[in-house]
$ cat my_file-v2.pdb   # PDB, C-alpha atoms and all ligand atoms
ATOM      1  CA  MET A 677      88.507  81.957 140.578  1.00  0.00           C
ATOM      2  CA  GLU A 678      85.073  83.042 139.580  1.00  0.00           C
ATOM      3  CA  GLU A 679      84.918  86.503 138.043  1.00  0.00           C
ATOM      4  CA  LYS A 680      82.143  88.747 139.219  1.00  0.00           C
ATOM      5  CA  PRO A 681      80.202  90.805 136.677  1.00  0.00           C
ATOM      6  CA  ASN A 682      81.406  94.427 136.421  1.00  0.00           C
ATOM      7  CA  GLN A 683      84.572  93.555 138.287  1.00  0.00           C
ATOM      8  CA  ALA A 684      87.509  95.588 137.033  1.00  0.00           C
ATOM      9  CA  THR A 685      90.070  93.479 135.287  1.00  0.00           C
ATOM     10  CA  GLU A 686      93.764  94.029 135.218  1.00  0.00           C
ATOM     11  CA  LEU A 687      95.097  95.348 131.923  1.00  0.00           C
ATOM     12  CA  LEU A 688      98.233  93.529 130.953  1.00  0.00           C
ATOM     13  CA  GLU A 689     101.073  94.497 128.656  1.00  0.00           C
ATOM     14  CA  LEU A 690     102.794  91.641 126.950  1.00  0.00           C
ATOM     15  CA  SER A 691     105.966  91.625 124.942  1.00  0.00           C
ATOM     16  CA  SER A 692     107.040  89.024 122.481  1.00  0.00           C
ATOM     17  CA  GLY A 693     110.605  90.308 122.681  1.00  0.00           C
ATOM     18  CA  LYS A 694     112.635  92.338 120.268  1.00  0.00           C
ATOM     19  CA  ALA A 695     113.499  91.001 116.875  1.00  0.00           C
ATOM     20  CA  GLU A 696     114.949  92.938 113.987  1.00  0.00           C
ATOM     21  CA  HIS A 697     114.738  91.492 110.543  1.00  0.00           C
ATOM     22  CA  VAL A 698     115.318  93.085 107.219  1.00  0.00           C
ATOM     23  CA  TYR A 699     112.783  91.693 104.824  1.00  0.00           C
ATOM     24  CA  TYR A 700     111.437  92.510 101.407  1.00  0.00           C
ATOM     25  CA  TRP A 701     108.400  91.500  99.483  1.00  0.00           C
ATOM     26  CA  HIS A 702     107.244  91.963  95.934  1.00  0.00           C
ATOM     27  CA  CYS A 703     104.516  94.555  95.576  1.00  0.00           C
ATOM     28  CA  GLY A 704     103.285  93.233  92.251  1.00  0.00           C
ATOM     29  CA  TYR A 705     103.051  95.137  88.996  1.00  0.00           C
ATOM     30  CA  TYR A 706     100.103  97.409  89.818  1.00  0.00           C
ATOM     31  CA  THR A 707     101.262  98.538  93.250  1.00  0.00           C
ATOM     32  CA  SER A 708     104.844  98.893  92.009  1.00  0.00           C
ATOM     33  CA  ARG A 709     103.753 101.175  89.191  1.00  0.00           C
ATOM     34  CA  PHE A 710     101.629 103.195  91.627  1.00  0.00           C
ATOM     35  CA  LEU A 711     104.570 103.583  94.033  1.00  0.00           C
ATOM     36  CA  LEU A 712     106.944 104.486  91.202  1.00  0.00           C
ATOM     37  CA  GLY A 713     104.473 107.218  90.255  1.00  0.00           C
ATOM     38  CA  LEU A 714     104.792 108.608  93.767  1.00  0.00           C
ATOM     39  CA  ARG A 715     108.575 108.346  93.815  1.00  0.00           C
ATOM     40  CA  ASP A 716     109.523 109.410  90.292  1.00  0.00           C
ATOM     41  CA  GLN A 717     106.648 111.610  89.100  1.00  0.00           C
ATOM     42  CA  THR A 718     105.181 112.880  92.387  1.00  0.00           C
ATOM     43  CA  THR A 719     101.748 112.028  91.093  1.00  0.00           C
ATOM     44  CA  ILE A 720      98.907 109.647  91.847  1.00  0.00           C
ATOM     45  CA  LEU A 721      98.332 106.934  89.267  1.00  0.00           C
ATOM     46  CA  GLY A 722      95.102 105.034  88.911  1.00  0.00           C
ATOM     47  CA  VAL A 723      93.887 102.451  86.452  1.00  0.00           C
ATOM     48  CA  ARG A 724      90.687 102.544  84.366  1.00  0.00           C
ATOM     49  CA  CYS A 725      88.464  99.632  83.432  1.00  0.00           C
ATOM     50  CA  SER A 726      87.951  99.590  79.662  1.00  0.00           C
ATOM     51  CA  ALA A 727      84.558  97.893  80.086  1.00  0.00           C
ATOM     52  CA  CYS A 728      82.804 100.106  82.669  1.00  0.00           C
ATOM     53  CA  GLY A 729      85.121 103.131  82.874  1.00  0.00           C
ATOM     54  CA  ARG A 730      85.590 102.834  86.631  1.00  0.00           C
ATOM     55  CA  VAL A 731      88.934 104.285  87.811  1.00  0.00           C
ATOM     56  CA  TYR A 732      90.658 102.640  90.755  1.00  0.00           C
ATOM     57  CA  VAL A 733      93.177 104.215  93.094  1.00  0.00           C
ATOM     58  CA  PRO A 734      95.202 102.607  94.421  1.00  0.00           C
ATOM     59  CA  PRO A 735      95.283 100.623  91.202  1.00  0.00           C
ATOM     60  CA  ARG A 736      94.441  96.951  91.016  1.00  0.00           C
ATOM     61  CA  GLU A 737      94.656  94.391  88.278  1.00  0.00           C
ATOM     62  CA  VAL A 738      91.023  93.339  87.926  1.00  0.00           C
ATOM     63  CA  CYS A 739      87.854  95.456  87.973  1.00  0.00           C
ATOM     64  CA  GLY A 740      85.710  94.507  90.946  1.00  0.00           C
ATOM     65  CA  ARG A 741      82.532  94.888  88.903  1.00  0.00           C
ATOM     66  CA  CYS A 742      83.449  93.524  85.477  1.00  0.00           C
ATOM     67  CA  PHE A 743      86.263  91.146  86.429  1.00  0.00           C
ATOM     68  CA  LYS A 744      88.207  92.510  83.443  1.00  0.00           C
ATOM     69  CA  THR A 745      91.961  92.991  83.541  1.00  0.00           C
ATOM     70  CA  MET A 746      92.745  96.704  83.507  1.00  0.00           C
ATOM     71  CA  ASN A 747      95.676  98.266  81.659  1.00  0.00           C
ATOM     72  CA  GLU A 748      94.699 101.879  81.026  1.00  0.00           C
ATOM     73  CA  TRP A 749      96.733 104.030  83.403  1.00  0.00           C
ATOM     74  CA  VAL A 750      95.398 107.409  84.477  1.00  0.00           C
ATOM     75  CA  ASP A 751      97.382 110.264  85.983  1.00  0.00           C
ATOM     76  CA  LEU A 752      95.075 111.648  88.673  1.00  0.00           C
ATOM     77  CA  GLY A 753      97.358 114.494  89.697  1.00  0.00           C
ATOM     78  CA  THR A 754      97.803 115.379  93.340  1.00  0.00           C
ATOM     79  CA  GLU A 755      94.513 117.024  94.329  1.00  0.00           C
ATOM     80  CA  GLY A 756      91.161 115.742  95.417  1.00  0.00           C
ATOM     81  CA  THR A 757      88.517 116.182  98.083  1.00  0.00           C
ATOM     82  CA  ILE A 758      88.046 114.809 101.578  1.00  0.00           C
ATOM     83  CA  TYR A 759      85.501 111.989 101.331  1.00  0.00           C
ATOM     84  CA  ALA A 760      85.648 111.109 105.038  1.00  0.00           C
ATOM     85  CA  PHE A 761      87.917 111.752 107.988  1.00  0.00           C
ATOM     86  CA  THR A 762      88.507 110.828 111.603  1.00  0.00           C
ATOM     87  CA  VAL A 763      90.702 112.590 114.128  1.00  0.00           C
ATOM     88  CA  VAL A 764      92.722 110.035 116.066  1.00  0.00           C
ATOM     89  CA  LYS A 765      93.449 111.164 119.618  1.00  0.00           C
ATOM     90  CA  LEU A 766      94.562 107.907 121.174  1.00  0.00           C
ATOM     91  CA  PRO A 767      98.086 107.048 120.092  1.00  0.00           C
ATOM     92  CA  TYR A 768      98.730 103.622 118.690  1.00  0.00           C
ATOM     93  CA  VAL A 769     101.962 102.043 117.557  1.00  0.00           C
ATOM     94  CA  ASP A 770     102.986 102.966 114.037  1.00  0.00           C
ATOM     95  CA  PRO A 771     103.928  99.651 112.403  1.00  0.00           C
ATOM     96  CA  ASN A 772     106.500 101.461 110.261  1.00  0.00           C
ATOM     97  CA  THR A 773     108.482 102.837 113.181  1.00  0.00           C
ATOM     98  CA  GLY A 774     107.431 100.822 116.227  1.00  0.00           C
ATOM     99  CA  LEU A 775     106.750 104.117 117.999  1.00  0.00           C
ATOM    100  CA  PRO A 776     103.461 105.661 119.113  1.00  0.00           C
ATOM    101  CA  ILE A 777     101.990 107.992 116.506  1.00  0.00           C
ATOM    102  CA  LYS A 778     101.869 111.714 117.225  1.00  0.00           C
ATOM    103  CA  VAL A 779      98.320 112.732 118.095  1.00  0.00           C
ATOM    104  CA  PRO A 780      96.024 114.226 117.151  1.00  0.00           C
ATOM    105  CA  ARG A 781      96.336 112.723 113.704  1.00  0.00           C
ATOM    106  CA  THR A 782      93.645 112.982 111.086  1.00  0.00           C
ATOM    107  CA  ASP A 783      93.107 109.996 108.846  1.00  0.00           C
ATOM    108  CA  ILE A 784      91.319 110.868 105.622  1.00  0.00           C
ATOM    109  CA  TYR A 785      89.882 109.225 102.552  1.00  0.00           C
ATOM    110  CA  VAL A 786      90.845 111.276  99.517  1.00  0.00           C
ATOM    111  CA  GLN A 787      88.564 111.249  96.489  1.00  0.00           C
ATOM    112  CA  PHE A 788      90.732 112.194  93.521  1.00  0.00           C
ATOM    113  CA  ASP A 789      89.190 113.996  90.595  1.00  0.00           C
ATOM    114  CA  GLY A 790      88.331 111.373  87.995  1.00  0.00           C
ATOM    115  CA  ALA A 791      88.609 108.389  90.349  1.00  0.00           C
ATOM    116  CA  ASP A 792      85.822 106.139  91.596  1.00  0.00           C
ATOM    117  CA  THR A 793      87.612 104.788  94.651  1.00  0.00           C
ATOM    118  CA  ARG A 794      89.473 106.528  97.432  1.00  0.00           C
ATOM    119  CA  LEU A 795      92.953 106.537  98.921  1.00  0.00           C
ATOM    120  CA  MET A 796      93.481 106.552 102.679  1.00  0.00           C
ATOM    121  CA  HIS A 797      96.171 108.826 104.062  1.00  0.00           C
ATOM    122  CA  TRP A 798      96.367 111.606 106.616  1.00  0.00           C
ATOM    123  CA  LEU A 799      95.858 115.340 106.835  1.00  0.00           C
ATOM    124  CA  ASP A 800      98.115 117.949 108.462  1.00  0.00           C
ATOM    125  CA  GLU A 801      95.203 119.360 110.487  1.00  0.00           C
ATOM    126  CA  GLY A 802      94.218 117.929 113.857  1.00  0.00           C
ATOM    127  CA  ASP A 803      91.412 120.348 114.730  1.00  0.00           C
ATOM    128  CA  GLU A 804      88.181 118.753 113.551  1.00  0.00           C
ATOM    129  CA  THR A 805      86.415 122.137 113.499  1.00  0.00           C
ATOM    130  CA  LYS A 806      88.721 123.158 110.641  1.00  0.00           C
ATOM    131  CA  ILE A 807      88.052 120.083 108.514  1.00  0.00           C
ATOM    132  CA  LYS A 808      85.079 119.587 106.227  1.00  0.00           C
ATOM    133  CA  VAL A 809      84.021 116.664 104.100  1.00  0.00           C
ATOM    134  CA  GLY A 810      84.303 117.875 100.514  1.00  0.00           C
ATOM    135  CA  ALA A 811      87.206 120.256 101.228  1.00  0.00           C
ATOM    136  CA  ARG A 812      89.935 120.360  98.586  1.00  0.00           C
ATOM    137  CA  VAL A 813      93.256 118.800  99.524  1.00  0.00           C
ATOM    138  CA  LYS A 814      96.568 118.226  97.827  1.00  0.00           C
ATOM    139  CA  ALA A 815      99.379 115.770  98.420  1.00  0.00           C
ATOM    140  CA  VAL A 816     102.614 117.077  99.895  1.00  0.00           C
ATOM    141  CA  PHE A 817     105.514 114.881  98.865  1.00  0.00           C
ATOM    142  CA  LYS A 818     108.760 114.293 100.691  1.00  0.00           C
ATOM    143  CA  LYS A 819     111.885 115.657  99.034  1.00  0.00           C
ATOM    144  CA  GLU A 820     113.602 112.301  99.249  1.00  0.00           C
ATOM    145  CA  ARG A 821     111.279 109.533  98.118  1.00  0.00           C
ATOM    146  CA  ARG A 822     111.771 105.776  98.334  1.00  0.00           C
ATOM    147  CA  GLY A 823     108.813 104.336  96.480  1.00  0.00           C
ATOM    148  CA  THR A 824     106.448 103.867  99.419  1.00  0.00           C
ATOM    149  CA  ILE A 825     103.073 105.326 100.350  1.00  0.00           C
ATOM    150  CA  HIS A 826     105.028 107.494 102.796  1.00  0.00           C
ATOM    151  CA  ASP A 827     106.495 109.398  99.849  1.00  0.00           C
ATOM    152  CA  ILE A 828     103.326 111.408 100.373  1.00  0.00           C
ATOM    153  CA  GLU A 829     104.195 113.097 103.642  1.00  0.00           C
ATOM    154  CA  TYR A 830     100.602 114.211 104.213  1.00  0.00           C
ATOM    155  CA  PHE A 831      97.683 115.952 102.555  1.00  0.00           C
ATOM    156  CA  THR A 832      96.941 119.608 103.200  1.00  0.00           C
ATOM    157  CA  GLN A 833      93.817 121.659 102.554  1.00  0.00           C
ATOM    158  CA  VAL A 834      94.040 124.099  99.643  1.00  0.00           C
TER
HETATM  159 ZN    ZN B 901      84.775  97.436  85.080  1.00  0.00          ZN
END
$ encode --input "my_file-v2.pdb" --output "structure tokens" --more "lines below"
Ligand SMILES: [Zn+2]
Amino acid sequence: MEEKPNQATELLELSSGKAEHVYYWHCGYYTSRFLLGLRDQTTILGVRCSACGRVYVPPREVCGRCFKTMNEWVDLGTEGTIYAFTVVKLPYVDPNTGLPIKVPRTDIYVQFDGADTRLMHWLDEGDETKIKVGARVKAVFKKERRGTIHDIEYFTQV
């Protein structure tokens, strides 16, 4: 069948079935230490390059500019500024739960004081008129933490 230009097409939903598997993977040293910082210290850890001084969060092993292995850990605390944000109004499936996310949800890039890279997370404000790039935010941690990025429940403006 020949499709005509501008002809509406049928939107299909496909399912590959339901499969439940418990699986684990190794996060590696740098991500593990970062996640342990969230779980055990309720703080954000970054790593500094001894050659250029650049601080990475989330931490990584090798500096992207110098290609040097980094071992100087930096406690960045829990506050920073909003570098960028977007308010999501169309729900999509949360890969952690398999359920649609609650909208509106504001995804943000947080620029921590003393860091040169940013961490993506979300903000507890869905009204874009109340959000400004450069606004101060702080991490709000869950009471019971498991060593995942979700130990930060959300960021809130301070
Ligand atoms: Zn470097």
$ closest_residue --input "my_file-v2.pdb" --among "A:Cys739, A:Leu712, A:Leu688, A:Val813" --to "ligand ZN 901 (chain B)" --atoms "only C-alpha atoms and all ligand atoms"
A:Cys739
$ atom_distance --input "my_file-v2.pdb" --atom1 "CA of Ala811 in chain A" --atom2 "CA of Val786 in chain A"
9.8 Å
$ residues_near_ligand --input "my_file-v2.pdb" --ligand "ligand ZN 901 (chain B)" --cutoff "10 Å" --atoms "all atoms listed in the file" --output "compact mmCIF listing (two decimals) with C-alpha atoms, in the frame of the given file"
# COMPACT_ATOMS: atom_id res chain seq x y z
CA ARG A 724 90.69 102.54 84.37
CA CYS A 725 88.46 99.63 83.43
CA SER A 726 87.95 99.59 79.66
CA ALA A 727 84.56 97.89 80.09
CA CYS A 728 82.80 100.11 82.67
CA GLY A 729 85.12 103.13 82.87
CA ARG A 730 85.59 102.83 86.63
CA VAL A 731 88.93 104.28 87.81
CA TYR A 732 90.66 102.64 90.76
CA VAL A 738 91.02 93.34 87.93
CA CYS A 739 87.85 95.46 87.97
CA GLY A 740 85.71 94.51 90.95
CA ARG A 741 82.53 94.89 88.90
CA CYS A 742 83.45 93.52 85.48
CA PHE A 743 86.26 91.15 86.43
CA LYS A 744 88.21 92.51 83.44
CA THR A 745 91.96 92.99 83.54
CA MET A 746 92.74 96.70 83.51
$ residues_around --input "my_file-v2.pdb" --residues "range 803-806 of chain A" --least-positions-apart "6" --cutoff "9 Å" --atoms "all atoms listed in the file" --output "ChimeraX atom specification"
/A:761-763,780,782
$ write_last_selection --input "my_file-v2.pdb" --atoms "C-alpha atoms" --output "PDB file, in the frame of the given file"
ATOM      1  CA  PHE A 761      87.917 111.752 107.988  1.00  0.00           C
ATOM      2  CA  THR A 762      88.507 110.828 111.603  1.00  0.00           C
ATOM      3  CA  VAL A 763      90.702 112.590 114.128  1.00  0.00           C
ATOM      4  CA  PRO A 780      96.024 114.226 117.151  1.00  0.00           C
ATOM      5  CA  THR A 782      93.645 112.982 111.086  1.00  0.00           C
TER       6      THR A 782
END
$ residues_around --input "my_file-v2.pdb" --residues "Leu766 in chain A" --least-positions-apart "2" --cutoff "8 Å" --atoms "all atoms listed in the file" --output "PyMOL selection string"
chain A and resi 764+768+779-780
$ residues_near_point --input "my_file-v2.pdb" --point "(99.1, 120.4, 110.0)" --cutoff "10 Å" --atoms "all atoms listed in the file" --output "PyMOL selection string"
chain A and resi 780-782+798-803+830-833
$ resolve_selection --input "my_file-v2.pdb" --expression "the PyMOL selection byres (((chain A and resi 795-797) around 7) and not hetatm)" --output "MDAnalysis selection string"
chainID A and resid 733:734 783:787 794 798 830
$ resolve_selection --input "my_file-v2.pdb" --expression "the PyMOL selection byres (((chain A and resi 754) around 10) and not hetatm)" --output "number ranges by chain"
A: 714, 718-721, 751-753, 755-756, 788-789, 813-817, 828, 831
$ atom_distance --input "my_file-v2.pdb" --atom1 "CA of Phe710 in chain A" --atom2 "CA of Ile777 in chain A"
25.3 Å
$ atom_distance --input "my_file-v2.pdb" --atom1 "CA of Cys703 in chain A" --atom2 "CA of Arg715 in chain A"
14.5 Å
$ residues_around --input "my_file-v2.pdb" --residues "Tyr706 in chain A" --least-positions-apart "5" --cutoff "8 Å" --atoms "all atoms listed in the file" --output "count of residues only"
3
$ residues_around --input "my_file-v2.pdb" --residues "Asn772 in chain A" --least-positions-apart "3" --cutoff "10 Å" --atoms "only C-alpha atoms" --output "list of chain:residue names"
A:Val769, A:Leu775, A:His826
$ axis_aligned_box --input "my_file-v2.pdb" --around "range 723-727 of chain A" --padding-each-side "8 Å" --output "JSON"
{"center_x": 89.2, "center_y": 100.2, "center_z": 83.1, "size_x": 25.3, "size_y": 20.7, "size_z": 22.8}
$ closest_residue --input "my_file-v2.pdb" --among "A:Val834, A:Arg822, A:His697, A:Ala760" --to "Gly810 in chain A" --atoms "all atoms listed in the file"
A:Ala760
$ residues_around --input "my_file-v2.pdb" --residues "Leu711 in chain A" --least-positions-apart "4" --cutoff "8 Å" --atoms "all atoms listed in the file" --output "PyMOL selection string"
chain A and resi 707+715+823-825
$ build_atoms --input "my_file-v2.pdb" --residues "range 732-753 of chain A" --atoms "N, CA and C atoms" --output "compact mmCIF listing (two decimals), in the coordinates of the input"
# COMPACT_ATOMS: atom_id res chain seq x y z
N TYR A 732 90.27 103.11 89.43
CA TYR A 732 90.66 102.64 90.76
C TYR A 732 91.96 103.29 91.21
N VAL A 733 91.96 103.77 92.44
CA VAL A 733 93.18 104.22 93.09
C VAL A 733 93.08 103.81 94.56
N PRO A 734 94.03 103.13 95.11
CA PRO A 734 95.20 102.61 94.42
C PRO A 734 94.79 101.60 93.35
N PRO A 735 95.64 101.49 92.33
CA PRO A 735 95.28 100.62 91.20
C PRO A 735 95.28 99.14 91.57
N ARG A 736 94.51 98.40 90.84
CA ARG A 736 94.44 96.95 91.02
C ARG A 736 94.34 96.34 89.65
N GLU A 737 94.59 95.05 89.57
CA GLU A 737 94.66 94.39 88.28
C GLU A 737 93.29 94.19 87.65
N VAL A 738 92.31 93.77 88.47
CA VAL A 738 91.02 93.34 87.93
C VAL A 738 89.91 94.24 88.45
N CYS A 739 89.00 94.65 87.57
CA CYS A 739 87.85 95.46 87.97
C CYS A 739 86.94 94.63 88.88
N GLY A 740 86.56 95.21 89.99
CA GLY A 740 85.71 94.51 90.95
C GLY A 740 84.29 94.32 90.47
N ARG A 741 83.89 95.03 89.44
CA ARG A 741 82.53 94.89 88.90
C ARG A 741 82.49 94.03 87.66
N CYS A 742 83.47 94.21 86.78
CA CYS A 742 83.45 93.52 85.48
C CYS A 742 84.35 92.29 85.44
N PHE A 743 85.26 92.22 86.38
CA PHE A 743 86.26 91.15 86.43
C PHE A 743 87.15 91.16 85.18
N LYS A 744 87.33 92.35 84.60
CA LYS A 744 88.21 92.51 83.44
C LYS A 744 89.58 92.98 83.92
N THR A 745 90.62 92.50 83.27
CA THR A 745 91.96 92.99 83.54
C THR A 745 92.07 94.43 83.03
N MET A 746 92.65 95.28 83.86
CA MET A 746 92.74 96.70 83.51
C MET A 746 94.18 97.07 83.17
N ASN A 747 94.35 97.84 82.09
CA ASN A 747 95.68 98.27 81.66
C ASN A 747 95.76 99.73 81.26
N GLU A 748 94.68 100.47 81.42
CA GLU A 748 94.70 101.88 81.03
C GLU A 748 95.05 102.74 82.24
N TRP A 749 96.27 103.25 82.26
CA TRP A 749 96.73 104.03 83.40
C TRP A 749 96.28 105.48 83.29
N VAL A 750 95.92 106.05 84.43
CA VAL A 750 95.40 107.41 84.48
C VAL A 750 96.19 108.21 85.50
N ASP A 751 96.70 109.36 85.05
CA ASP A 751 97.38 110.26 85.98
C ASP A 751 96.32 111.13 86.66
N LEU A 752 96.13 110.94 87.94
CA LEU A 752 95.08 111.65 88.67
C LEU A 752 95.56 112.95 89.30
N GLY A 753 96.82 113.27 89.11
CA GLY A 753 97.36 114.49 89.70
C GLY A 753 97.56 114.33 91.20
